[in-house]
Amino acid sequence: MDTRKKRKTAVCWSSGKDCSLALYRLMKENEEVVCLVSMISRKDERNHAHGIKLKILNYQAEALGIPLVLIDSAGNYEESLVTALKGLNAELGIEQVAFGSLYAKEDRKWNEEISHKAGVEPLFPTWISPENSNELMQEFLSLGFTAYICRASSEHFDQTCPGRILDSQFYEEVRQKAICVMGEAGEYHTFVTDGPIFNKRIELLKSGVVMNSGLWSLDIQDCRLIAKNE
């Protein structure tokens with residue numbers, strides 16, 4: 001019998017596959033996930049990680065059934081995140097924050113520093129070595145997640161990439177490129193619409209593709225939630 005004391009946990013949320021897999025692993029371990037936290041721009045009404053509109057991000061949180069805390073960067077990303085995590089620690093008793101980092105050491109170092117400044121413990125449920133990227137991708141696909149490519153570097157992909165489903169065909173195509181299959185260096189990003197941790201699935205209703213700072217981006221305008229048995 002697992003007698004470990006469960007600690008209240010926040011999950012740093014981008015809307016994509018890596019944080020979804022981190023959340024899945026935490027839930028499998030019966031960790032007490034209290035909320036998702038996402039860095040956003042109130043002015044632009046989008047999250048920073050993937051440029052997802054806030055109303056779409058809220059739909060996703062509703063589909064997961066987990067409260068979403070939106071943190072406005074307000075011109076100072078680091079300070080805003082530290083202050084917010086301190087507040088969550090004081091108000092909700094958050095003791096640890098989980099990140100979907102894979103193997104980028106600089107990302108992990110920054111996340112650890114932010115967490116320690118806020119007085120919470122950092123967790124890295126999906127931390128791997130680079131050579132395990134294929135294995136992690138295969139795990140994500142085998143679990144039954146549905147994810148759409150929402151951003152893709154114009155250096156490696158064309159404008160037809162955003163809106164594609166991350167499936168075995170896309171995986172095989174990415175394997176032929178000289179990039180990480182998980183897109184750890186920002187080669188592509190995803191928006192997850194369904195999976196084993198979702199109470200409802202998300203149907204995209206309206207979207208378009210735009211170019212933004214060298215990235216082909218899926219601009220999701222509208223979606224709806226559908227019961228899993230429909």
# chains A, B, ... in the order shown; residues from 1 in each chain; ligands from 1
$ closest_atom_pairs --of "range 156-183 of chain A" --to "range 200-217 of chain A" --cutoff "8 Å" --atoms "only C-alpha atoms" --output "JSON lines"
{"residue": "A:Asp158", "atom": "CA", "partner": "A:Trp216", "partner_atom": "CA", "distance": 7.3}
{"residue": "A:Gln159", "atom": "CA", "partner": "A:Trp216", "partner_atom": "CA", "distance": 5.8}
{"residue": "A:Cys161", "atom": "CA", "partner": "A:Trp216", "partner_atom": "CA", "distance": 7.7}
{"residue": "A:Pro162", "atom": "CA", "partner": "A:Ser217", "partner_atom": "CA", "distance": 6.1}
$ select_by_dssp --residues "range 36-227 of chain A" --states "strand (DSSP E or B)" --output "PyMOL selection string"
chain A and resi 36-41+46-47+53+68-72+96-98+121-123+146-153+165+188-194+200-212+215-227
$ atom_distance --atom1 "CA of Ala118 in chain A" --atom2 "CA of Asn89 in chain A"
8.3 Å
$ atom_distance --atom1 "CA of Glu139 in chain A" --atom2 "CA of Cys19 in chain A"
13.8 Å
$ residues_around --residues "Cys150 in chain A" --least-positions-apart "4" --cutoff "7 Å" --atoms "only C-alpha atoms" --output "compact mmCIF listing (two decimals) with N, CA and C atoms, in the first residue's frame"
# COMPACT_ATOMS: atom_id res chain seq x y z
N PRO A 162 0.26 23.08 -39.68
CA PRO A 162 -0.70 23.38 -38.61
C PRO A 162 -2.09 22.85 -38.94
N GLY A 163 -2.70 22.22 -37.96
CA GLY A 163 -4.01 21.61 -38.18
C GLY A 163 -3.94 20.12 -38.41
N HIS A 189 4.76 22.55 -32.09
CA HIS A 189 4.01 22.50 -30.84
C HIS A 189 2.62 21.94 -31.11
N THR A 190 1.95 21.51 -30.04
CA THR A 190 0.65 20.85 -30.21
C THR A 190 -0.40 21.41 -29.26
N PHE A 191 -1.65 21.16 -29.64
CA PHE A 191 -2.80 21.46 -28.80
C PHE A 191 -3.57 20.16 -28.64
N SER A 217 1.28 29.08 -37.62
CA SER A 217 0.48 28.90 -36.41
C SER A 217 -0.99 28.64 -36.74
N LEU A 218 -1.58 27.70 -36.00
CA LEU A 218 -3.00 27.41 -36.12
C LEU A 218 -3.76 28.35 -35.21
$ residues_around --residues "Gln96 in chain A" --least-positions-apart "2" --cutoff "9 Å" --atoms "only C-alpha atoms" --output "NGL selection string"
:A and (7-11 or 89 or 94 or 98 or 115 or 119-123)
$ residues_around --residues "Ile40 in chain A" --least-positions-apart "2" --cutoff "10 Å" --atoms "only C-alpha atoms" --output "number ranges by chain"
A: 14, 37-38, 42-54, 69-74, 77
$ write_last_selection --atoms "N, CA, C and O atoms" --output "short mmCIF file (atom, residue, chain, number, x, y, z; two decimals), in the first residue's frame"
data_model
loop_
_atom_site.label_atom_id
_atom_site.label_comp_id
_atom_site.auth_asym_id
_atom_site.auth_seq_id
_atom_site.Cartn_x
_atom_site.Cartn_y
_atom_site.Cartn_z
N SER A 14 0.90 24.40 -21.01
CA SER A 14 1.05 25.06 -22.31
C SER A 14 -0.12 24.76 -23.24
O SER A 14 -0.38 25.50 -24.17
N VAL A 37 -1.44 25.88 -14.39
CA VAL A 37 -1.05 27.29 -14.45
C VAL A 37 -0.49 27.59 -15.84
O VAL A 37 0.34 26.84 -16.35
N SER A 38 -0.98 28.66 -16.44
CA SER A 38 -0.55 29.01 -17.79
C SER A 38 -0.17 30.48 -17.86
O SER A 38 -0.93 31.35 -17.42
N ARG A 42 -2.78 39.10 -21.14
CA ARG A 42 -4.16 39.58 -21.10
C ARG A 42 -4.44 40.51 -22.28
O ARG A 42 -5.52 40.52 -22.84
N LYS A 43 -3.43 41.30 -22.62
CA LYS A 43 -3.59 42.26 -23.71
C LYS A 43 -3.91 41.56 -25.02
O LYS A 43 -4.81 41.96 -25.76
N ASP A 44 -3.18 40.48 -25.31
CA ASP A 44 -3.40 39.74 -26.56
C ASP A 44 -4.45 38.65 -26.43
O ASP A 44 -4.85 38.05 -27.43
N GLU A 45 -4.85 38.35 -25.19
CA GLU A 45 -5.83 37.31 -24.90
C GLU A 45 -5.39 35.94 -25.42
O GLU A 45 -6.19 35.17 -25.96
N ARG A 46 -4.10 35.63 -25.22
CA ARG A 46 -3.54 34.35 -25.64
C ARG A 46 -2.50 33.88 -24.62
O ARG A 46 -1.97 34.68 -23.86
N ASN A 47 -2.22 32.56 -24.64
CA ASN A 47 -1.13 32.09 -23.78
C ASN A 47 0.20 32.24 -24.53
O ASN A 47 0.25 32.29 -25.75
N HIS A 48 1.26 32.36 -23.76
CA HIS A 48 2.57 32.61 -24.36
C HIS A 48 3.12 31.38 -25.08
O HIS A 48 3.75 31.50 -26.14
N ALA A 49 2.92 30.21 -24.51
CA ALA A 49 3.57 29.00 -25.02
C ALA A 49 3.21 28.70 -26.47
O ALA A 49 4.07 28.46 -27.30
N HIS A 50 1.90 28.72 -26.77
CA HIS A 50 1.45 28.30 -28.09
C HIS A 50 0.53 29.31 -28.78
O HIS A 50 0.00 29.03 -29.85
N GLY A 51 0.33 30.45 -28.15
CA GLY A 51 -0.52 31.47 -28.76
C GLY A 51 -1.99 31.08 -28.83
O GLY A 51 -2.73 31.57 -29.68
N ILE A 52 -2.43 30.23 -27.92
CA ILE A 52 -3.83 29.78 -27.90
C ILE A 52 -4.71 30.85 -27.26
O ILE A 52 -4.37 31.40 -26.21
N LYS A 53 -5.84 31.14 -27.89
CA LYS A 53 -6.79 32.09 -27.32
C LYS A 53 -7.24 31.62 -25.94
O LYS A 53 -7.43 30.42 -25.72
N LEU A 54 -7.44 32.57 -25.05
CA LEU A 54 -7.78 32.21 -23.68
C LEU A 54 -9.09 31.46 -23.56
O LEU A 54 -9.23 30.56 -22.72
N VAL A 69 -5.40 28.37 -13.78
CA VAL A 69 -4.96 29.66 -13.26
C VAL A 69 -4.17 30.37 -14.36
O VAL A 69 -3.15 29.86 -14.84
N LEU A 70 -4.67 31.54 -14.79
CA LEU A 70 -4.02 32.31 -15.85
C LEU A 70 -3.15 33.38 -15.22
O LEU A 70 -3.62 34.19 -14.43
N ILE A 71 -1.87 33.38 -15.59
CA ILE A 71 -0.91 34.31 -15.01
C ILE A 71 -0.45 35.29 -16.07
O ILE A 71 0.24 34.91 -17.02
N ASP A 72 -0.85 36.54 -15.93
CA ASP A 72 -0.46 37.57 -16.88
C ASP A 72 1.01 37.94 -16.66
O ASP A 72 1.41 38.29 -15.55
N SER A 73 1.81 37.85 -17.72
CA SER A 73 3.24 38.15 -17.59
C SER A 73 3.47 39.61 -17.23
O SER A 73 4.47 39.95 -16.59
N ALA A 74 2.55 40.50 -17.65
CA ALA A 74 2.58 41.92 -17.25
C ALA A 74 3.95 42.56 -17.44
O ALA A 74 4.38 43.38 -16.63
N TYR A 77 7.97 38.29 -17.12
CA TYR A 77 7.55 36.89 -17.11
C TYR A 77 7.98 36.19 -15.82
O TYR A 77 7.17 35.57 -15.13
#
$ atom_distance --atom1 "CA of Met39 in chain A" --atom2 "CA of Ser129 in chain A"
26.4 Å
